[in-house]
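A short write-up of the structure that comes next.
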4 protein chains.
Amino acid sequence: MTPMPEPNIHAAILGPTGYTGLELIEILSRHPRIRPAYLASARENPPRIDAEFPRLHGVLPGETAQCQPIEHDAIARSCQIAFLCLPHEAAMEHVPQLLARGVKVVDLSAAYRLRDAKTYERFYGHPHTDAPGLATAVYGLPELNRAHIRTARLVANPGCYPTAAALALHPLLRAGLIEPRGIIVNAASGASGAGREAKPHLTIVEAGDNFSAYGIGAHRHQPEIIQTLHLSTSAVGSPGGSRVPPVLFVPHLLPVERGILETIYAVPASPHADTARLTEALTTAYAHERLVVVRKDAPSLRDVQRTNFVHINARVVGGHAVIVAAIDNLLKGASGQAVQNANLMLGLDEYAGLC
Amino acid sequence: MTPMPEPNIHAAILGPTGYTGLELIEILSRHPRIRPAYLASARENPPRIDAEFPRLHGVLPGETAQCQPIEHDAIARSCQIAFLCLPHEAAMEHVPQLLARGVKVVDLSAAYRLRDAKTYERFYGHPHTDAPGLATAVYGLPELNRAHIRTARLVANPGCYPTAAALALHPLLRAGLIEPRGIIVNAASGASGAGREAKPHLTIVEAGDNFSAYGIGAHRHQPEIIQTLHLSTSAVGSPGGSRVPPVLFVPHLLPVERGILETIYAVPASPHADTARLTEALTTAYAHERLVVVRKDAPSLRDVQRTNFVHINARVVGGHAVIVAAIDNLLKGASGQAVQNANLMLGLDEYAGLC
Amino acid sequence: MTPMPEPNIHAAILGPTGYTGLELIEILSRHPRIRPAYLASARENPPRIDAEFPRLHGVLPGETAQCQPIEHDAIARSCQIAFLCLPHEAAMEHVPQLLARGVKVVDLSAAYRLRDAKTYERFYGHPHTDAPGLATAVYGLPELNRAHIRTARLVANPGCYPTAAALALHPLLRAGLIEPRGIIVNAASGASGAGREAKPHLTIVEAGDNFSAYGIGAHRHQPEIIQTLHLSTSAVGSPGGSRVPPVLFVPHLLPVERGILETIYAVPASPHADTARLTEALTTAYAHERLVVVRKDAPSLRDVQRTNFVHINARVVGGHAVIVAAIDNLLKGASGQAVQNANLMLGLDEYAGLC
Amino acid sequence: MTPMPEPNIHAAILGPTGYTGLELIEILSRHPRIRPAYLASARENPPRIDAEFPRLHGVLPGETAQCQPIEHDAIARSCQIAFLCLPHEAAMEHVPQLLARGVKVVDLSAAYRLRDAKTYERFYGHPHTDAPGLATAVYGLPELNRAHIRTARLVANPGCYPTAAALALHPLLRAGLIEPRGIIVNAASGASGAGREAKPHLTIVEAGDNFSAYGIGAHRHQPEIIQTLHLSTSAVGSPGGSRVPPVLFVPHLLPVERGILETIYAVPASPHADTARLTEALTTAYAHERLVVVRKDAPSLRDVQRTNFVHINARVVGGHAVIVAAIDNLLKGASGQAVQNANLMLGLDEYAGLC
């Protein structure tokens, strides 16, 4: 007797008209088990998604291509999981409603990333309005936190910059090869990281052929990077968040659509911490990780664009540890990782739809 | 009793270190039935493909990632089909050897595209050395030629520019809405169409921020476009190739990696040939074509980049028919169409691995 | 006795915070005789120009760098000439005021380009409010209209696309080598042509790596191109505007900052109109023009970017005349030509500050 | 009596077919006193320069546009100064010949930049063959070394990266505000810095939309940067080169034509070294420097592209001093600085032809 094929899982995407929404639709349209079934837009007149993104013509069935209003009951009736690509405040409004109706949530906003509501409020400039949600949210970096994600009902999908920084630094801190203090994360990102809204500095005339540092030491991802460091350093004895040494985070805007390259500077913890040891620590830590590639040479942005991989290279030179890590900000840095988290939450193959 | 799952089909890629090779590997690594099993390089020391293209780290099994020499017997032992991404002359050398060993072939070179060997020799500057192959080759444009492809053992994968031009013009010529004479195909392509070899005019300093016409009225794809027109016009009564009126083909080089946009000018065949009739003819012709999107507005390059779709818009304005067609030159214009052809030749779902 | 050096001429720039304003400032800051003396902004709080464009730090004296309100009397007190980089409606408001105060004007808007107010109103969507100005305005294409510009008090600076089209087509029409009917101007422009305002389709994510046709047969520059053709054809006997045959104008948006390349298709007027004759007609017409380069090969955008030159190549191929012309849309297509006009109006060396 | 106008000075450019040669020709064609009079090419058949760079059509007189062989006597007969844009080894061959004939030389290669021949040989991989030249060469960074340049007969034009680093760091080290040890120069450059030769990693397909670190801690400009630091630190007491602490230099390749942005990390020398003091030190040091702009905000690449300015911003954040400096690599980083040096050597206005 032929076994019944397993039924498909239906997913809602709230906020499908931004770039992370587009990526989610493209991933899920090829996913073996999850169907993008409900596109929920906050716009007064929800558009057809293929009018918004003409490249989606022919990709979704006609009825699905029409965006719907955000209605929690309707979403809960048809979907087991929801991806939220909404502004932070809107996320805090909708997450409790969806969880209450039994819908699992992967939230791509920053609302549930920082454990400490006060830090959140300081960096994001508005109150945190969902303390219960924050208390149960799981930080969705599977390579560092897989077990908790499997059982989570709410996953806070990490920021793009922190994803690359955490994956690059975690094994080296764990192995005690670099000092927790004095870390500089010099990063560069494509412009899709700034979202889809038209802003004067993002036009092709201004941003094309250009390059600039922004938010020097003041970017919202800096406390998130520090929080992920804490996860690492606490494992080697550091007791709590307040003692986590500061990291200097300096992002730059690249004249490209997508991709993040981080060139990270750290202080080797001992004279024994050489290139070979750093490489070995990374290789060992990620021996069974399908999406992490530890390289002997420095990766470039093109190596990871439109993939779900992170490429990492580490070396010691001139007394500094220099780690270069690259991801696609919209995939491993956002929508790809969101699907990886969803796969774990739903008991599916973690990499379904991703490689 | 559970039915045996159908076995995978193994494919060879000859010439995997160019851009069409890379695209084939990426498509086939996600294909449900065809495995990229034999990477055959003409280089003296065949490289690992992930050393050549670091983005392929972790994509292929280790033994497959190592390129092999081009050995016909070894290929025939392990593969049912071969994709040839070789120079035209090399294609004519290897195709007969593979066919003789029972391996089906999709040839991505231009060697078997032009029916007339003399035209081939005039435009490509060297003799055609495989007359038997040319006699049996089938032109691989599935939307116009599907039935013949299904039974073909050798498919000539169309050129990128001719693919877009043929799909844009064919239904309008068939319907008698535009004149066969006076057609101007004004086209623009990303630089990947020029191949992977470093040439002075293709560096980022020279080609970046630049735009230029080249091969004005003299490009190799001009006779191929005319040949596809002939297919269309012969259906409305034109008896033979020698009477096909010339098309003027003017390609331009865009400062982008990929994508082709063709703005085609034609003479409406009658006062009744208006925008509505042109649109209707296209819509009707492609009603059941999954990869062809007929649009009311003009497509842009981004709408089709990294997809297998062709987007077409037609209108009559100021006494001219203006048809805009867009494809990805490496996918619908090369490797994606090659897999579409292979799917047909192997009796698989035509779109497997493509949408 | 040492002759008194000739005094500098002071210029006002109204609307200095757009791209044509920036170019004017950069040109005039190096001009041997004209000083940018009064930057007049319509903003409620006129900014410092080096805050608006940081690349102007150190380029202008401090007091000049501070933009002022648009005050006609103040401008007339300090300036002999004004460059208007304002919206069309605003131009029609300020031009009469400045002329009345004896200030010569080069208007870079479209307000005074079209001779026929009704055509203007149809294409620009608002009434023409300065009939007297329109009656006296001179079309500022020096290579075709130099004598009138010298004595003009108001010059309408041509549109970018029409500048290239007129210079490419004029000598060929005059020489009777191409037919006036059936001309197709297929053009491509960098995004600075769309102005400095942030619009969704102009962000680097949307416009980068992209290419698309827009305003097909409906662009505002189409009637201006037809008007310049009329100048040419009337010279060979065509009596008036109403009989000027239509031109089809199809612009495209390039993923670059600046530059226009036009690929123009025309019908040769006789079998004698071959490549040699077309080239000769252009060479003869422009033998003494310092800014026009007639070439044997097709120009590319980079050949003219950030120069005041126009490069033109013409050929007959496959029964079509194909003319390729390239300019910088912000220089020969806007601010450079504006200074060329100002030089003529002021009796200076026509090319001062330009080469 | 009218004073005789001062005669023009004639310059030779050796190696005019590279990007620094092109920039020199463009600068000198607008220079008030120096004429580009002799283009000397090492190619067997010296080309016309406007065939090599079509944008130079109409820029040079016809006879000058024709490149000549490198003949020392002919150069010395017609030119008072020579700019050398040759490979390092070729520079060492021609410099003594030109100096011996009384021609002043600005050498844009690296041959005479490093004071220590052994360091040169280690980083450049070939012997230094002109010890006498090296002994007399003056390092051509006018803002730090103006007096020596005025009397020099041979000036070593600085590297692009070291120019920005030296101008950013010098005043801060002098003022004792940052520690000489632990400096990290994280830099990014446009691709023109790699020269005009076509290389596989520089094609638009590979380098476009890409970003990567290269030569991490091993680039040839690292010892040159350290040498310029030495100039600074020796002024505050450090006795010699061997004690200069290492600088870590990590360049990246940007997907743009031109421009360098350096984000420099240093250790503040005391708790008093805050943003205000750093800014003040820079402002004071450069109060009378026309080409140096000290800013309160971080500069971007576009602010300096195609200008001769350097923009510098410094701050202290999170315990680090972060200095951002931007230049155009081909102008202040090469040809513009070469003309600045030539102006000084020839007793002209230092900024003639540059602003």
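Please note that chains go A, B, ... in the order of the structure tokens, that every chain numbers its residues from 1, and that ligands are numbered from 1 in the order shown.
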Task: Residue list for chain A near chain C as a ChimeraX atom specification, 7 Å, only C-alpha atoms - done: /A:191-192,197-200,202-205,207-208,257
Keeping N, CA and C atoms, export the residues of the selection given above as a short mmCIF file (atom, residue, chain, number, x, y, z; two decimals), in the first residue's frame.
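What ended up in out39.cif:
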```cif
data_model
loop_
_atom_site.label_atom_id
_atom_site.label_comp_id
_atom_site.auth_asym_id
_atom_site.auth_seq_id
_atom_site.Cartn_x
_atom_site.Cartn_y
_atom_site.Cartn_z
N ALA A 191 22.61 47.34 -0.35
CA ALA A 191 21.59 48.31 0.02
C ALA A 191 20.24 47.69 0.33
N SER A 192 20.02 46.44 -0.04
CA SER A 192 18.72 45.83 0.29
C SER A 192 18.55 45.72 1.80
N GLU A 197 11.97 51.04 1.07
CA GLU A 197 11.49 52.41 0.96
C GLU A 197 12.52 53.30 0.25
N ALA A 198 12.03 54.17 -0.62
CA ALA A 198 12.93 55.07 -1.34
C ALA A 198 13.42 56.16 -0.39
N LYS A 199 14.72 56.26 -0.25
CA LYS A 199 15.31 57.33 0.56
C LYS A 199 16.36 58.02 -0.28
N PRO A 200 16.57 59.33 -0.03
CA PRO A 200 17.49 60.08 -0.90
C PRO A 200 18.88 59.47 -1.03
N LEU A 202 19.69 56.47 -1.03
CA LEU A 202 19.69 55.13 -1.60
C LEU A 202 19.39 55.11 -3.10
N THR A 203 19.22 56.28 -3.72
CA THR A 203 19.02 56.25 -5.17
C THR A 203 20.29 55.76 -5.86
N ILE A 204 20.13 55.29 -7.09
CA ILE A 204 21.30 54.77 -7.79
C ILE A 204 22.33 55.88 -8.04
N VAL A 205 21.87 57.12 -8.19
CA VAL A 205 22.84 58.19 -8.42
C VAL A 205 23.66 58.45 -7.16
N ALA A 207 23.85 56.28 -4.28
CA ALA A 207 24.45 55.08 -3.68
C ALA A 207 25.30 54.30 -4.68
N GLY A 208 25.02 54.48 -5.97
CA GLY A 208 25.83 53.78 -6.97
C GLY A 208 27.24 54.33 -6.99
N GLU A 257 23.29 45.32 -4.54
CA GLU A 257 21.99 44.96 -4.02
C GLU A 257 22.09 44.19 -2.71
#
```
TODO: Have a look at CA of Asn210 in chain A and CA of Ile225 in chain D and let me know their distance in Å, one decimal.
DONE: 24.3 Å
Task: Residues near range 279-284 of chain B, cut-off 9 Å, only C-alpha atoms, skip fewer than 6 positions along chain, as a list in words - done: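 Here the answer would be Ala168, His170, Pro171, Leu172, Arg174, Ala175, Leu177, Val293, Val294, Arg295, Lys296, Ile312, Asn313, Ala314 and Arg315 of chain B.
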Open item on the list: If we count only C-alpha atoms and set the cut-off at 10 Å, which residues sit around Ala352 in chain D, ignoring sequence neighbours fewer than 4 positions away in its own chain? Please answer as an MDAnalysis selection string.
Closed with: chainID D and resid 27:28 30:34 339:340 342:344 348
Task: Contacts of Leu84 in chain C at 10 Å (only C-alpha atoms; same-chain gap of 2+ positions) as JSON, numbers by chain - done: {"C": [12, 13, 14, 15, 16, 20, 21, 40, 81, 82, 86, 87, 88, 90, 91, 94, 95, 105, 106, 107, 108, 109, 156, 157, 338]}
Expected file contents, prior selection, N, CA and C atoms, as an mmCIF file, in the first residue's frame:
```cif
data_model
loop_
_atom_site.group_PDB
_atom_site.id
_atom_site.type_symbol
_atom_site.label_atom_id
_atom_site.label_comp_id
_atom_site.auth_asym_id
_atom_site.auth_seq_id
_atom_site.Cartn_x
_atom_site.Cartn_y
_atom_site.Cartn_z
ATOM 1 N N ALA C 12 23.937 83.968 -11.236
ATOM 2 C CA ALA C 12 23.065 83.346 -10.236
ATOM 3 C C ALA C 12 22.659 81.967 -10.726
ATOM 4 N N ILE C 13 22.517 81.071 -9.768
ATOM 5 C CA ILE C 13 21.960 79.755 -10.091
ATOM 6 C C ILE C 13 20.707 79.602 -9.245
ATOM 7 N N LEU C 14 19.568 79.533 -9.913
ATOM 8 C CA LEU C 14 18.307 79.326 -9.193
ATOM 9 C C LEU C 14 17.993 77.836 -9.217
ATOM 10 N N GLY C 15 17.877 77.252 -8.046
ATOM 11 C CA GLY C 15 17.671 75.799 -7.979
ATOM 12 C C GLY C 15 18.994 75.062 -7.971
ATOM 13 N N PRO C 16 19.901 75.427 -7.053
ATOM 14 C CA PRO C 16 21.250 74.847 -7.094
ATOM 15 C C PRO C 16 21.347 73.469 -6.449
ATOM 16 N N THR C 20 21.613 69.404 -12.028
ATOM 17 C CA THR C 20 22.122 70.379 -12.993
ATOM 18 C C THR C 20 22.722 71.575 -12.258
ATOM 19 N N GLY C 21 22.176 71.894 -11.087
ATOM 20 C CA GLY C 21 22.765 72.950 -10.274
ATOM 21 C C GLY C 21 24.171 72.589 -9.831
ATOM 22 N N ALA C 40 20.455 80.609 -5.397
ATOM 23 C CA ALA C 40 19.110 80.984 -4.960
ATOM 24 C C ALA C 40 18.232 79.744 -4.861
ATOM 25 N N ILE C 81 23.778 87.429 -15.229
ATOM 26 C CA ILE C 81 23.138 86.301 -15.900
ATOM 27 C C ILE C 81 22.628 85.328 -14.840
ATOM 28 N N ALA C 82 21.543 84.625 -15.193
ATOM 29 C CA ALA C 82 20.991 83.633 -14.258
ATOM 30 C C ALA C 82 20.751 82.332 -14.991
ATOM 31 N N LEU C 86 15.011 75.101 -12.265
ATOM 32 C CA LEU C 86 13.783 75.022 -11.483
ATOM 33 C C LEU C 86 12.753 74.162 -12.205
ATOM 34 N N PRO C 87 11.691 73.774 -11.513
ATOM 35 C CA PRO C 87 10.577 73.128 -12.213
ATOM 36 C C PRO C 87 10.020 74.071 -13.286
ATOM 37 N N HIS C 88 9.369 73.489 -14.296
ATOM 38 C CA HIS C 88 8.889 74.273 -15.437
ATOM 39 C C HIS C 88 7.993 75.438 -14.993
ATOM 40 N N ALA C 90 7.794 77.000 -12.129
ATOM 41 C CA ALA C 90 8.556 78.010 -11.412
ATOM 42 C C ALA C 90 9.391 78.832 -12.381
ATOM 43 N N ALA C 91 9.906 78.209 -13.418
ATOM 44 C CA ALA C 91 10.693 78.948 -14.405
ATOM 45 C C ALA C 91 9.843 80.039 -15.038
ATOM 46 N N HIS C 94 9.595 83.017 -12.706
ATOM 47 C CA HIS C 94 10.766 83.853 -12.414
ATOM 48 C C HIS C 94 11.398 84.480 -13.660
ATOM 49 N N VAL C 95 11.285 83.849 -14.808
ATOM 50 C CA VAL C 95 11.959 84.367 -16.001
ATOM 51 C C VAL C 95 11.540 85.807 -16.313
ATOM 52 N N VAL C 105 19.005 85.288 -19.117
ATOM 53 C CA VAL C 105 18.575 84.020 -18.533
ATOM 54 C C VAL C 105 18.876 82.847 -19.455
ATOM 55 N N VAL C 106 19.485 81.812 -18.872
ATOM 56 C CA VAL C 106 19.511 80.491 -19.517
ATOM 57 C C VAL C 106 18.603 79.604 -18.692
ATOM 58 N N ASP C 107 17.515 79.158 -19.306
ATOM 59 C CA ASP C 107 16.534 78.360 -18.570
ATOM 60 C C ASP C 107 16.731 76.889 -18.890
ATOM 61 N N LEU C 108 17.049 76.100 -17.866
ATOM 62 C CA LEU C 108 17.279 74.669 -18.084
ATOM 63 C C LEU C 108 16.006 73.834 -17.962
ATOM 64 N N SER C 109 14.890 74.452 -17.628
ATOM 65 C CA SER C 109 13.627 73.711 -17.626
ATOM 66 C C SER C 109 13.132 73.564 -19.062
ATOM 67 N N ALA C 156 16.363 79.031 -24.165
ATOM 68 C CA ALA C 156 15.795 77.772 -23.677
ATOM 69 C C ALA C 156 16.822 76.680 -23.900
ATOM 70 N N ASN C 157 17.388 76.196 -22.815
ATOM 71 C CA ASN C 157 18.414 75.161 -22.936
ATOM 72 C C ASN C 157 17.739 73.848 -23.335
ATOM 73 N N ALA C 338 24.413 74.815 -21.159
ATOM 74 C CA ALA C 338 23.948 76.077 -20.592
ATOM 75 C C ALA C 338 25.100 77.078 -20.495
#
```
Gly102 in chain C: which residues within 10 Å, counting only C-alpha atoms, same-chain residues fewer than 4 positions away excluded, as an mmCIF file with C-alpha atoms, in the first residue's frame?
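Wrote it out as around-v1.cif, contents follow:
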```cif
data_model
loop_
_atom_site.group_PDB
_atom_site.id
_atom_site.type_symbol
_atom_site.label_atom_id
_atom_site.label_comp_id
_atom_site.auth_asym_id
_atom_site.auth_seq_id
_atom_site.Cartn_x
_atom_site.Cartn_y
_atom_site.Cartn_z
ATOM 1 C CA ALA C 76 19.674 91.692 -10.390
ATOM 2 C CA ARG C 77 21.925 93.821 -8.200
ATOM 3 C CA CYS C 79 24.400 89.196 -11.282
ATOM 4 C CA GLN C 80 24.392 89.756 -15.035
ATOM 5 C CA ILE C 81 23.138 86.301 -15.900
ATOM 6 C CA PRO C 96 9.854 87.491 -16.694
ATOM 7 C CA GLN C 97 10.949 89.009 -13.400
ATOM 8 C CA LEU C 98 14.604 88.519 -14.157
ATOM 9 C CA ARG C 153 18.282 87.572 -23.629
#
```
Open item on the list: Taking the DSSP secondary structure from the backbone, can you list the residues of range 5-65 of chain C that are strand (DSSP E or B), as a VMD selection string?
Closed with: chain C and resid 9 to 14 34 to 40 48
Open item on the list: Write out as a PyMOL selection string the set of residues from range 120-297 of chain C that DSSP, computed on the backbone, places in alpha helix (DSSP H).
Closed with: chain C and resi 120-124+131-136+142-150+160-174+204-207+221-235+275-285
Keeping only C-alpha atoms, write those residues as a PDB file, in the first residue's frame.
```pdb
ATOM      1  CA  TYR C 120       3.678  72.181 -24.420  1.00  0.00           C
ATOM      2  CA  GLU C 121       0.452  72.077 -22.442  1.00  0.00           C
ATOM      3  CA  ARG C 122      -0.499  68.678 -23.828  1.00  0.00           C
ATOM      4  CA  PHE C 123       2.809  67.055 -22.923  1.00  0.00           C
ATOM      5  CA  TYR C 124       3.558  68.861 -19.665  1.00  0.00           C
ATOM      6  CA  ALA C 131       3.573  83.866 -23.789  1.00  0.00           C
ATOM      7  CA  PRO C 132       5.835  86.923 -24.150  1.00  0.00           C
ATOM      8  CA  GLY C 133       8.818  84.988 -22.904  1.00  0.00           C
ATOM      9  CA  LEU C 134       8.049  82.114 -25.235  1.00  0.00           C
ATOM     10  CA  ALA C 135       7.880  84.528 -28.163  1.00  0.00           C
ATOM     11  CA  THR C 136      11.398  85.799 -27.571  1.00  0.00           C
ATOM     12  CA  PRO C 142      24.713  76.401 -30.460  1.00  0.00           C
ATOM     13  CA  GLU C 143      25.866  74.085 -33.225  1.00  0.00           C
ATOM     14  CA  LEU C 144      22.562  74.650 -35.050  1.00  0.00           C
ATOM     15  CA  ASN C 145      21.540  78.074 -33.815  1.00  0.00           C
ATOM     16  CA  ARG C 146      24.615  80.011 -32.768  1.00  0.00           C
ATOM     17  CA  ALA C 147      23.813  83.375 -34.303  1.00  0.00           C
ATOM     18  CA  HIS C 148      20.484  83.758 -32.567  1.00  0.00           C
ATOM     19  CA  ILE C 149      21.898  82.727 -29.226  1.00  0.00           C
ATOM     20  CA  ARG C 150      24.532  85.474 -29.302  1.00  0.00           C
ATOM     21  CA  CYS C 160      19.218  66.041 -23.107  1.00  0.00           C
ATOM     22  CA  TYR C 161      17.728  63.502 -25.507  1.00  0.00           C
ATOM     23  CA  PRO C 162      16.848  66.116 -28.166  1.00  0.00           C
ATOM     24  CA  THR C 163      20.388  67.527 -28.065  1.00  0.00           C
ATOM     25  CA  ALA C 164      21.905  64.224 -29.120  1.00  0.00           C
ATOM     26  CA  ALA C 165      19.158  63.427 -31.629  1.00  0.00           C
ATOM     27  CA  ALA C 166      19.278  66.822 -33.294  1.00  0.00           C
ATOM     28  CA  LEU C 167      23.058  66.845 -33.640  1.00  0.00           C
ATOM     29  CA  ALA C 168      22.999  63.308 -35.045  1.00  0.00           C
ATOM     30  CA  LEU C 169      20.176  63.803 -37.523  1.00  0.00           C
ATOM     31  CA  HIS C 170      20.412  67.398 -38.662  1.00  0.00           C
ATOM     32  CA  PRO C 171      23.257  67.116 -41.201  1.00  0.00           C
ATOM     33  CA  LEU C 172      21.866  63.905 -42.666  1.00  0.00           C
ATOM     34  CA  LEU C 173      18.425  65.402 -43.176  1.00  0.00           C
ATOM     35  CA  ARG C 174      19.906  68.620 -44.578  1.00  0.00           C
ATOM     36  CA  ILE C 204      20.016  51.243  -6.235  1.00  0.00           C
ATOM     37  CA  VAL C 205      18.227  47.979  -5.464  1.00  0.00           C
ATOM     38  CA  GLU C 206      15.554  48.594  -8.119  1.00  0.00           C
ATOM     39  CA  ALA C 207      17.530  50.518 -10.728  1.00  0.00           C
ATOM     40  CA  HIS C 221      11.126  64.890 -25.399  1.00  0.00           C
ATOM     41  CA  GLN C 222       9.419  63.368 -28.449  1.00  0.00           C
ATOM     42  CA  PRO C 223       7.766  66.612 -29.599  1.00  0.00           C
ATOM     43  CA  GLU C 224      11.005  68.468 -28.911  1.00  0.00           C
ATOM     44  CA  ILE C 225      12.910  66.024 -31.110  1.00  0.00           C
ATOM     45  CA  ILE C 226      10.294  66.449 -33.836  1.00  0.00           C
ATOM     46  CA  GLN C 227      10.623  70.217 -33.555  1.00  0.00           C
ATOM     47  CA  THR C 228      14.386  70.032 -34.102  1.00  0.00           C
ATOM     48  CA  LEU C 229      13.789  67.780 -37.109  1.00  0.00           C
ATOM     49  CA  HIS C 230      11.520  70.440 -38.471  1.00  0.00           C
ATOM     50  CA  LEU C 231      14.352  72.935 -38.310  1.00  0.00           C
ATOM     51  CA  SER C 232      16.334  70.562 -40.463  1.00  0.00           C
ATOM     52  CA  THR C 233      13.663  69.542 -42.904  1.00  0.00           C
ATOM     53  CA  SER C 234      12.277  73.037 -43.333  1.00  0.00           C
ATOM     54  CA  ALA C 235      15.711  73.973 -44.546  1.00  0.00           C
ATOM     55  CA  THR C 275      28.179  54.786 -44.989  1.00  0.00           C
ATOM     56  CA  ALA C 276      30.762  56.949 -46.726  1.00  0.00           C
ATOM     57  CA  ARG C 277      28.260  59.622 -47.709  1.00  0.00           C
ATOM     58  CA  LEU C 278      26.673  59.743 -44.271  1.00  0.00           C
ATOM     59  CA  THR C 279      30.069  60.065 -42.648  1.00  0.00           C
ATOM     60  CA  GLU C 280      31.094  62.765 -45.093  1.00  0.00           C
ATOM     61  CA  ALA C 281      27.944  64.768 -44.461  1.00  0.00           C
ATOM     62  CA  LEU C 282      28.581  64.713 -40.734  1.00  0.00           C
ATOM     63  CA  THR C 283      32.269  65.468 -41.082  1.00  0.00           C
ATOM     64  CA  THR C 284      31.594  68.426 -43.342  1.00  0.00           C
ATOM     65  CA  ALA C 285      28.826  69.820 -41.180  1.00  0.00           C
TER      66      ALA C 285
END
```
Task: Within 6 Å of Phe211 in chain A using only C-alpha atoms, minus same-chain residues under 4 positions, as a list in words - done: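 Near Phe211 in chain A, the qualifying residues are Leu253 and Leu254 of chain A; Ser300 and Leu301 of chain D.
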Could you write out the selected residues, including C-alpha atoms, as a PDB file, in the first residue's frame?
```pdb
ATOM      1  CA  LEU A 253      27.011  50.759   2.646  1.00  0.00           C
ATOM      2  CA  LEU A 254      28.105  49.002  -0.540  1.00  0.00           C
TER       3      LEU A 254
ATOM      4  CA  SER D 300      31.647  59.027   1.464  1.00  0.00           C
ATOM      5  CA  LEU D 301      33.436  58.035  -1.712  1.00  0.00           C
TER       6      LEU D 301
END
```
Task: Residue nearest Arg306 in chain C - candidates D:Arg55, D:Lys104, D:His126, D:His272, atoms counted: only C-alpha atoms - done: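 Comparing D:Arg55, D:Lys104, D:His126, D:His272 against Arg306 in chain C, the winner is D:Arg55.
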